[in-house]
>>> print(open('coords01.cif').read())   # mmCIF, C-alpha atoms
data_work
loop_
_atom_site.label_atom_id
_atom_site.label_comp_id
_atom_site.auth_asym_id
_atom_site.auth_seq_id
_atom_site.Cartn_x
_atom_site.Cartn_y
_atom_site.Cartn_z
CA MET O 654 -36.59 98.76 115.02
CA ILE O 655 -37.30 102.45 114.33
CA GLU O 656 -38.73 101.64 110.90
CA LYS O 657 -41.05 99.07 112.48
CA LEU O 658 -42.15 101.52 115.19
CA LEU O 659 -42.85 104.20 112.58
CA GLU O 660 -44.95 101.70 110.67
CA ILE O 661 -46.90 100.65 113.78
CA ALA O 662 -47.49 104.26 114.88
CA ALA O 663 -48.75 105.17 111.39
CA LYS O 664 -51.18 102.24 111.36
CA ALA O 665 -52.43 103.18 114.83
CA GLY O 666 -52.87 106.76 113.69
CA SER O 667 -54.95 105.56 110.75
CA GLU O 668 -57.15 103.59 113.13
CA ALA O 669 -57.64 106.66 115.30
CA MET O 670 -58.51 108.82 112.30
CA LYS O 671 -61.53 106.65 111.55
CA TYR O 672 -63.19 108.39 114.51
CA TYR O 673 -61.91 111.93 113.85
CA GLY O 674 -64.78 114.39 113.85
CA LEU O 675 -67.39 111.90 115.07
CA SER O 676 -69.17 113.42 118.08
CA GLU O 677 -70.53 110.05 119.17
CA GLY O 678 -66.99 108.73 119.65
CA THR O 679 -66.41 110.23 123.11
CA ILE O 680 -66.93 108.53 126.47
CA GLN O 681 -65.63 109.35 129.95
CA LYS O 682 -62.99 107.66 132.05
CA GLN O 683 -63.56 107.17 135.78
CA ASP O 684 -61.50 110.31 136.45
CA GLU O 685 -63.85 112.18 134.05
CA SER O 686 -61.11 112.78 131.47
CA PRO O 687 -62.23 112.17 127.89
CA LEU O 688 -61.57 108.79 126.35
CA THR O 689 -62.42 108.38 122.71
CA LEU O 690 -63.11 105.27 120.76
CA ALA O 691 -60.02 106.35 118.85
CA ASP O 692 -57.89 105.82 121.98
CA CYS O 693 -59.17 102.26 122.21
CA ALA O 694 -58.71 101.52 118.51
CA SER O 695 -55.16 102.88 118.51
CA HIS O 696 -54.35 100.96 121.71
CA ARG O 697 -55.54 97.65 120.28
CA CYS O 698 -53.66 98.21 117.02
CA ILE O 699 -50.36 99.04 118.76
CA VAL O 700 -50.55 96.22 121.29
CA ASP O 701 -51.41 93.64 118.63
CA LEU O 702 -48.64 94.73 116.27
CA LEU O 703 -45.99 95.03 118.99
CA ARG O 704 -46.84 91.59 120.34
CA GLU O 705 -46.67 90.16 116.84
CA ALA O 706 -43.28 91.73 116.09
CA TYR O 707 -41.74 91.47 119.57
CA PRO O 708 -43.62 88.76 121.51
CA GLU O 709 -41.00 88.66 124.27
CA ILE O 710 -41.45 92.34 125.25
CA PRO O 711 -44.47 93.31 127.41
CA VAL O 712 -46.52 96.44 126.73
CA LEU O 713 -47.51 99.16 129.22
CA SER O 714 -50.14 101.42 127.65
CA GLU O 715 -52.24 104.23 129.06
CA GLU O 716 -55.25 102.06 128.22
CA SER O 717 -53.87 98.83 129.72
CA THR O 718 -55.96 97.13 132.40
CA GLU O 719 -54.68 96.38 135.90
CA GLU O 720 -54.63 92.69 135.00
CA GLU O 721 -52.47 93.39 131.96
CA LEU O 722 -50.00 95.34 134.11
CA ALA O 723 -49.67 92.71 136.83
CA GLY O 724 -46.00 92.15 137.53
CA ARG O 725 -44.82 95.26 135.65
CA LYS O 726 -42.48 96.24 138.51
CA ASN O 727 -40.39 93.22 137.61
CA TRP O 728 -40.11 94.19 133.95
CA HIS O 729 -36.64 95.18 132.78
CA THR O 730 -37.54 95.85 129.14
CA PHE O 731 -40.98 96.93 127.98
CA TRP O 732 -42.91 99.10 125.56
CA LEU O 733 -44.40 102.29 127.01
CA VAL O 734 -47.30 103.57 124.89
CA ASP O 735 -49.71 106.47 124.76
CA PRO O 736 -52.06 105.40 121.96
CA LEU O 737 -53.55 108.89 121.65
CA ASP O 738 -51.79 111.76 123.39
CA GLY O 739 -53.90 114.88 123.30
CA THR O 740 -57.41 113.47 123.50
CA LYS O 741 -58.84 116.95 124.06
CA GLU O 742 -57.12 118.16 120.88
CA PHE O 743 -58.55 115.16 119.03
CA ILE O 744 -62.04 116.03 120.23
CA LYS O 745 -61.55 119.70 119.27
CA GLN O 746 -60.20 118.57 115.87
CA SER O 747 -57.13 120.80 116.13
CA GLY O 748 -54.93 118.09 114.63
CA GLU O 749 -52.46 118.46 117.50
CA PHE O 750 -52.57 114.93 118.87
CA THR O 751 -50.03 112.13 118.61
CA VAL O 752 -49.34 108.43 118.92
CA ASN O 753 -46.38 107.77 121.25
CA ILE O 754 -44.36 104.55 121.45
CA ALA O 755 -41.15 104.10 123.46
CA LEU O 756 -38.90 101.20 124.37
CA VAL O 757 -37.79 101.32 128.00
CA VAL O 758 -34.78 99.34 129.22
CA GLY O 759 -34.10 99.43 132.92
CA LYS O 760 -35.43 102.83 133.97
CA GLU O 761 -34.81 104.81 130.78
CA PRO O 762 -36.23 105.09 127.25
CA VAL O 763 -33.77 103.95 124.59
CA ALA O 764 -35.92 104.31 121.46
CA GLY O 765 -39.08 106.20 120.65
CA VAL O 766 -41.47 107.42 118.01
CA ILE O 767 -44.05 110.22 118.05
CA HIS O 768 -46.51 110.30 115.14
CA ALA O 769 -48.96 113.11 114.32
CA PRO O 770 -51.52 111.66 111.86
CA VAL O 771 -53.17 114.91 110.77
CA LEU O 772 -49.86 116.74 110.34
CA GLY O 773 -48.31 113.85 108.41
CA LYS O 774 -45.18 114.01 110.57
CA SER O 775 -43.27 111.61 112.79
CA TRP O 776 -40.30 112.10 115.10
CA SER O 777 -37.98 109.25 116.06
CA ALA O 778 -34.83 108.54 118.03
CA GLU O 779 -32.67 105.66 119.18
CA LYS O 780 -30.06 105.96 121.91
CA GLY O 781 -26.69 106.89 120.45
CA LYS O 782 -28.07 107.19 116.92
CA GLY O 783 -29.59 110.66 116.92
CA ALA O 784 -33.12 111.92 116.26
CA GLN O 785 -34.99 112.48 113.01
CA LEU O 786 -38.06 114.18 111.62
CA HIS O 787 -40.03 112.19 109.04
CA GLU O 788 -42.46 113.87 106.66
CA GLU O 789 -44.45 112.28 103.88
CA LYS O 790 -42.58 112.09 100.54
CA LYS O 791 -39.47 113.70 102.06
CA ARG O 792 -36.15 112.33 103.22
CA PRO O 793 -35.74 112.23 107.03
CA ASN O 794 -34.14 115.31 108.56
CA VAL O 795 -31.70 115.12 111.46
CA LEU O 796 -33.02 116.97 114.51
CA ARG O 797 -30.84 119.38 116.48
CA SER O 798 -32.03 121.51 119.35
CA ARG O 799 -30.64 125.01 119.53
CA GLN O 800 -28.53 127.13 121.86
CA TRP O 801 -30.35 129.39 124.30
CA GLN O 802 -31.64 132.49 122.51
CA ALA O 803 -31.17 135.08 125.24
CA LYS O 804 -32.50 138.09 123.31
CA GLU O 805 -35.76 136.53 122.22
CA PRO O 806 -36.28 133.03 123.64
CA VAL O 807 -39.27 130.95 122.67
CA PHE O 808 -41.22 129.23 125.44
CA VAL O 809 -43.70 126.44 124.84
CA ALA O 810 -46.77 126.29 127.05
CA SER O 811 -49.77 124.01 127.14
CA ARG O 812 -53.15 125.47 126.21
CA ASP O 813 -54.96 123.39 128.82
CA HIS O 814 -52.34 122.76 131.51
CA ALA O 815 -50.30 125.90 132.21
CA GLY O 816 -49.77 126.16 135.97
CA PRO O 817 -48.52 128.98 138.24
CA GLN O 818 -44.81 128.28 137.73
CA VAL O 819 -45.24 128.68 133.98
CA LYS O 820 -46.84 132.10 134.49
CA SER O 821 -44.05 133.08 136.90
CA LEU O 822 -41.35 132.00 134.44
CA ILE O 823 -42.89 134.02 131.62
CA GLU O 824 -42.95 137.10 133.87
CA LYS O 825 -39.21 136.71 134.54
CA TYR O 826 -38.41 136.65 130.82
CA PRO O 827 -40.48 139.49 129.34
CA ALA O 828 -38.66 139.22 125.99
CA ALA O 829 -39.77 135.63 125.56
CA ILE O 830 -42.20 134.64 122.84
CA THR O 831 -44.76 132.13 124.08
CA THR O 832 -46.24 129.57 121.74
CA SER O 833 -48.83 126.92 122.46
CA MET O 834 -49.18 123.40 121.13
CA GLY O 835 -51.07 120.26 122.03
CA SER O 836 -49.83 116.83 123.16
CA SER O 837 -46.19 115.71 122.78
CA LEU O 838 -45.75 118.19 119.95
CA LYS O 839 -44.51 120.66 122.57
CA PHE O 840 -41.42 118.50 123.15
CA CYS O 841 -40.93 118.18 119.40
CA LEU O 842 -40.69 121.95 119.00
CA VAL O 843 -37.72 121.95 121.37
CA ALA O 844 -36.12 118.96 119.63
CA GLU O 845 -36.49 120.67 116.24
CA GLY O 846 -34.78 123.84 117.46
CA LYS O 847 -37.96 125.90 117.10
CA ALA O 848 -38.26 126.59 120.83
CA ASP O 849 -35.91 126.93 123.78
CA LEU O 850 -37.89 125.77 126.75
CA TYR O 851 -40.98 123.87 127.82
CA LEU O 852 -41.94 123.93 131.50
CA ARG O 853 -44.71 121.62 132.66
CA ASP O 854 -45.63 122.15 136.31
CA VAL O 855 -48.84 120.11 136.39
CA PRO O 856 -48.85 116.30 136.39
CA THR O 857 -47.99 114.06 133.47
CA MET O 858 -47.69 110.29 133.28
CA GLU O 859 -44.75 108.20 132.14
CA TRP O 860 -46.38 107.39 128.78
CA ASP O 861 -46.66 111.14 128.11
CA THR O 862 -42.88 111.65 128.20
CA ALA O 863 -40.95 108.46 127.38
CA ALA O 864 -40.83 108.80 123.59
CA ALA O 865 -40.36 112.56 123.88
CA GLN O 866 -37.45 112.16 126.28
CA ILE O 867 -35.30 110.04 123.99
CA ILE O 868 -36.13 112.30 121.02
CA VAL O 869 -35.22 115.50 122.90
CA GLU O 870 -32.04 114.00 124.31
CA GLU O 871 -30.84 112.58 121.01
CA ALA O 872 -31.50 115.98 119.42
CA GLY O 873 -29.10 117.49 121.97
CA GLY O 874 -31.58 118.74 124.56
CA LEU O 875 -32.50 117.91 128.12
CA LEU O 876 -35.67 116.69 129.84
CA THR O 877 -35.53 116.61 133.65
CA ASP O 878 -37.46 117.37 136.80
CA LEU O 879 -37.16 120.89 138.24
CA GLN O 880 -34.04 119.90 140.18
CA GLY O 881 -32.26 118.78 137.01
CA LYS O 882 -32.71 115.05 137.61
CA ARG O 883 -33.43 112.89 134.57
CA LEU O 884 -36.88 111.29 134.60
CA SER O 885 -37.10 107.66 135.69
CA TYR O 886 -39.54 105.05 134.36
CA ASN O 887 -41.53 102.09 135.68
CA LYS O 888 -41.74 103.75 139.08
CA ALA O 889 -44.07 102.43 141.78
CA VAL O 890 -46.36 105.32 140.83
CA LEU O 891 -46.44 106.13 137.12
CA ARG O 892 -46.96 109.87 137.64
CA ASN O 893 -44.08 112.19 136.70
CA PRO O 894 -42.89 115.16 138.74
CA ALA O 895 -43.02 118.67 137.30
CA LEU O 896 -40.65 118.71 134.35
CA LEU O 897 -38.47 121.00 132.28
CA THR O 898 -37.41 120.53 128.66
CA LEU O 899 -34.46 122.56 127.41
CA GLY O 900 -32.92 122.77 123.97
CA ASP O 901 -29.61 123.93 125.43
CA PRO O 902 -28.40 121.73 128.32
CA THR O 903 -25.89 124.39 129.40
CA PHE O 904 -28.66 126.88 130.25
CA TRP O 905 -30.82 126.72 133.38
CA PRO O 906 -33.68 129.23 133.75
CA GLU O 907 -34.74 131.19 136.83
CA LEU O 908 -37.62 129.07 138.06
CA GLY O 909 -38.30 130.88 141.34
#
>>> encode(input="coords01.cif", output="structure tokens")
Amino acid sequence: MIEKLLEIAAKAGSEAMKYYGLSEGTIQKQDESPLTLADCASHRCIVDLLREAYPEIPVLSEESTEEELAGRKNWHTFWLVDPLDGTKEFIKQSGEFTVNIALVVGKEPVAGVIHAPVLGKSWSAEKGKGAQLHEEKKRPNVLRSRQWQAKEPVFVASRDHAGPQVKSLIEKYPAAITTSMGSSLKFCLVAEGKADLYLRDVPTMEWDTAAAQIIVEEAGGLLTDLQGKRLSYNKAVLRNPALLTLGDPTFWPELG
């Protein structure tokens, strides 16, 4: 399954890249967030390929219509997809955007892939089978998050979505190095052992975190709400609470 998901994510990324750098490719959603033609192209590619390979499993995508999602609360197994995570980064041409695909069973992700087309990298995981980093023309590398680096921890923060709790946390750990990254790549830094912590105190949606959650967990880390509760999926409302990603599950920061 992981090989098939990597293949689908790569094809969707190629579809998105057809619009990379084209100023005329941006429109607005009803909530005024940017939606590119690349989002739509990636969405169509993923949905078509998933339905072809796994016709019995429904798809919940960020770009799905209300009609397509009718009855989703009764789904036990489904695909959870963000066809282009980091639309703002895509528009800015930073390269820090991803294609995210996860398989959810019950209320939890059990397999997932994150693909970064410009970087030529993909991250994958399957429950009980570990997590891997895939780079072009290289053998996959096993991912392991790292123990808490007390002397000089590395915090990941969003360029566009750092809220007050993030600023407060950074003040409590003056020795911390803060790095910024777009899209789901922030979770990947923790999974790779390149960062210790990622606090997100402004809203995310389920498709933003599902693939990242299984990758972080299979790498040895933790992704929870701010009370330490594991995220749940296919909720009545698809919005996530504030969340915390840790490379070392035995460490809990002073959140204030």
>>> atom_distance(input="coords01.cif", atom1="atom CA of O:Lys760", atom2="atom CA of O:Val734")
15.0 Å
>>> atom_distance(input="coords01.cif", atom1="atom CA of O:Arg853", atom2="atom CA of O:Ser717")
24.7 Å
>>> resolve_selection(input="coords01.cif", expression="the PyMOL selection byres ((chain O and resi 664) around 10)", output="ChimeraX atom specification")
/O:658-663,665-670,695,698-699,702,752,770
>>> resolve_selection(input="coords01.cif", expression="the PyMOL selection byres ((chain O and resi 806) around 9)", output="VMD selection string")
chain O and resid 801 to 805 807 to 808 826 828 to 831 848 to 850
>>> residues_around(input="coords01.cif", residues="O:Leu908", least_positions_apart="3", cutoff="12 Å", atoms="only C-alpha atoms", output="PyMOL selection string")
chain O and resi 817-826+850-854+878-881+895-897+905
>>> resolve_selection(input="coords01.cif", expression="the PyMOL selection byres ((chain O and resi 761) around 8)", output="ChimeraX atom specification")
/O:757-760,762-763,863,884-886
>>> closest_residue(input="coords01.cif", among="O:Ala810, O:Leu842, O:Met858, O:Cys693", to="O:Gly874", atoms="all atoms listed in the file")
O:Leu842
>>> closest_residue(input="coords01.cif", among="O:Tyr673, O:Glu788, O:Thr751, O:Ala865", to="O:Ala764", atoms="all atoms listed in the file")
O:Ala865
>>> build_atoms(input="coords01.cif", residues="stretch 709-728 of chain O", atoms="N, CA and C atoms", output="PDB file, keeping the file's coordinate frame")
ATOM      1  N   GLU O 709     -41.678  88.816 122.982  1.00  0.00           N
ATOM      2  CA  GLU O 709     -41.000  88.660 124.270  1.00  0.00           C
ATOM      3  C   GLU O 709     -41.025  89.930 125.116  1.00  0.00           C
ATOM      4  N   ILE O 710     -41.487  91.059 124.539  1.00  0.00           N
ATOM      5  CA  ILE O 710     -41.450  92.340 125.250  1.00  0.00           C
ATOM      6  C   ILE O 710     -42.862  92.749 125.664  1.00  0.00           C
ATOM      7  N   PRO O 711     -43.130  92.908 126.968  1.00  0.00           N
ATOM      8  CA  PRO O 711     -44.470  93.310 127.410  1.00  0.00           C
ATOM      9  C   PRO O 711     -44.773  94.756 127.063  1.00  0.00           C
ATOM     10  N   VAL O 712     -46.062  95.102 127.110  1.00  0.00           N
ATOM     11  CA  VAL O 712     -46.520  96.440 126.730  1.00  0.00           C
ATOM     12  C   VAL O 712     -47.227  97.108 127.917  1.00  0.00           C
ATOM     13  N   LEU O 713     -46.821  98.326 128.231  1.00  0.00           N
ATOM     14  CA  LEU O 713     -47.510  99.160 129.220  1.00  0.00           C
ATOM     15  C   LEU O 713     -48.117 100.330 128.453  1.00  0.00           C
ATOM     16  N   SER O 714     -49.427 100.368 128.379  1.00  0.00           N
ATOM     17  CA  SER O 714     -50.140 101.420 127.650  1.00  0.00           C
ATOM     18  C   SER O 714     -51.025 102.200 128.616  1.00  0.00           C
ATOM     19  N   GLU O 715     -51.310 103.440 128.253  1.00  0.00           N
ATOM     20  CA  GLU O 715     -52.240 104.230 129.060  1.00  0.00           C
ATOM     21  C   GLU O 715     -53.580 103.501 129.204  1.00  0.00           C
ATOM     22  N   GLU O 716     -53.952 102.741 128.195  1.00  0.00           N
ATOM     23  CA  GLU O 716     -55.250 102.060 128.220  1.00  0.00           C
ATOM     24  C   GLU O 716     -55.155 100.603 128.686  1.00  0.00           C
ATOM     25  N   SER O 717     -53.997 100.193 129.210  1.00  0.00           N
ATOM     26  CA  SER O 717     -53.870  98.830 129.720  1.00  0.00           C
ATOM     27  C   SER O 717     -54.712  98.651 130.982  1.00  0.00           C
ATOM     28  N   THR O 718     -55.206  97.444 131.190  1.00  0.00           N
ATOM     29  CA  THR O 718     -55.960  97.130 132.400  1.00  0.00           C
ATOM     30  C   THR O 718     -54.996  96.755 133.524  1.00  0.00           C
ATOM     31  N   GLU O 719     -55.496  96.770 134.756  1.00  0.00           N
ATOM     32  CA  GLU O 719     -54.680  96.380 135.900  1.00  0.00           C
ATOM     33  C   GLU O 719     -54.178  94.949 135.740  1.00  0.00           C
ATOM     34  N   GLU O 720     -55.027  94.091 135.199  1.00  0.00           N
ATOM     35  CA  GLU O 720     -54.630  92.690 135.000  1.00  0.00           C
ATOM     36  C   GLU O 720     -53.470  92.592 134.012  1.00  0.00           C
ATOM     37  N   GLU O 721     -53.521  93.420 132.962  1.00  0.00           N
ATOM     38  CA  GLU O 721     -52.470  93.390 131.960  1.00  0.00           C
ATOM     39  C   GLU O 721     -51.138  93.898 132.512  1.00  0.00           C
ATOM     40  N   LEU O 722     -51.216  94.743 133.547  1.00  0.00           N
ATOM     41  CA  LEU O 722     -50.000  95.340 134.110  1.00  0.00           C
ATOM     42  C   LEU O 722     -49.486  94.589 135.328  1.00  0.00           C
ATOM     43  N   ALA O 723     -50.116  93.491 135.683  1.00  0.00           N
ATOM     44  CA  ALA O 723     -49.670  92.710 136.830  1.00  0.00           C
ATOM     45  C   ALA O 723     -48.223  92.268 136.622  1.00  0.00           C
ATOM     46  N   GLY O 724     -47.397  92.546 137.610  1.00  0.00           N
ATOM     47  CA  GLY O 724     -46.000  92.150 137.530  1.00  0.00           C
ATOM     48  C   GLY O 724     -45.104  93.145 136.815  1.00  0.00           C
ATOM     49  N   ARG O 725     -45.634  94.326 136.439  1.00  0.00           N
ATOM     50  CA  ARG O 725     -44.820  95.260 135.650  1.00  0.00           C
ATOM     51  C   ARG O 725     -43.573  95.737 136.410  1.00  0.00           C
ATOM     52  N   LYS O 726     -43.639  95.767 137.744  1.00  0.00           N
ATOM     53  CA  LYS O 726     -42.480  96.240 138.510  1.00  0.00           C
ATOM     54  C   LYS O 726     -41.275  95.339 138.333  1.00  0.00           C
ATOM     55  N   ASN O 727     -41.503  94.137 137.857  1.00  0.00           N
ATOM     56  CA  ASN O 727     -40.390  93.220 137.610  1.00  0.00           C
ATOM     57  C   ASN O 727     -39.900  93.269 136.161  1.00  0.00           C
ATOM     58  N   TRP O 728     -40.534  94.087 135.344  1.00  0.00           N
ATOM     59  CA  TRP O 728     -40.110  94.190 133.950  1.00  0.00           C
ATOM     60  C   TRP O 728     -38.795  94.946 133.853  1.00  0.00           C
TER      61      TRP O 728
END
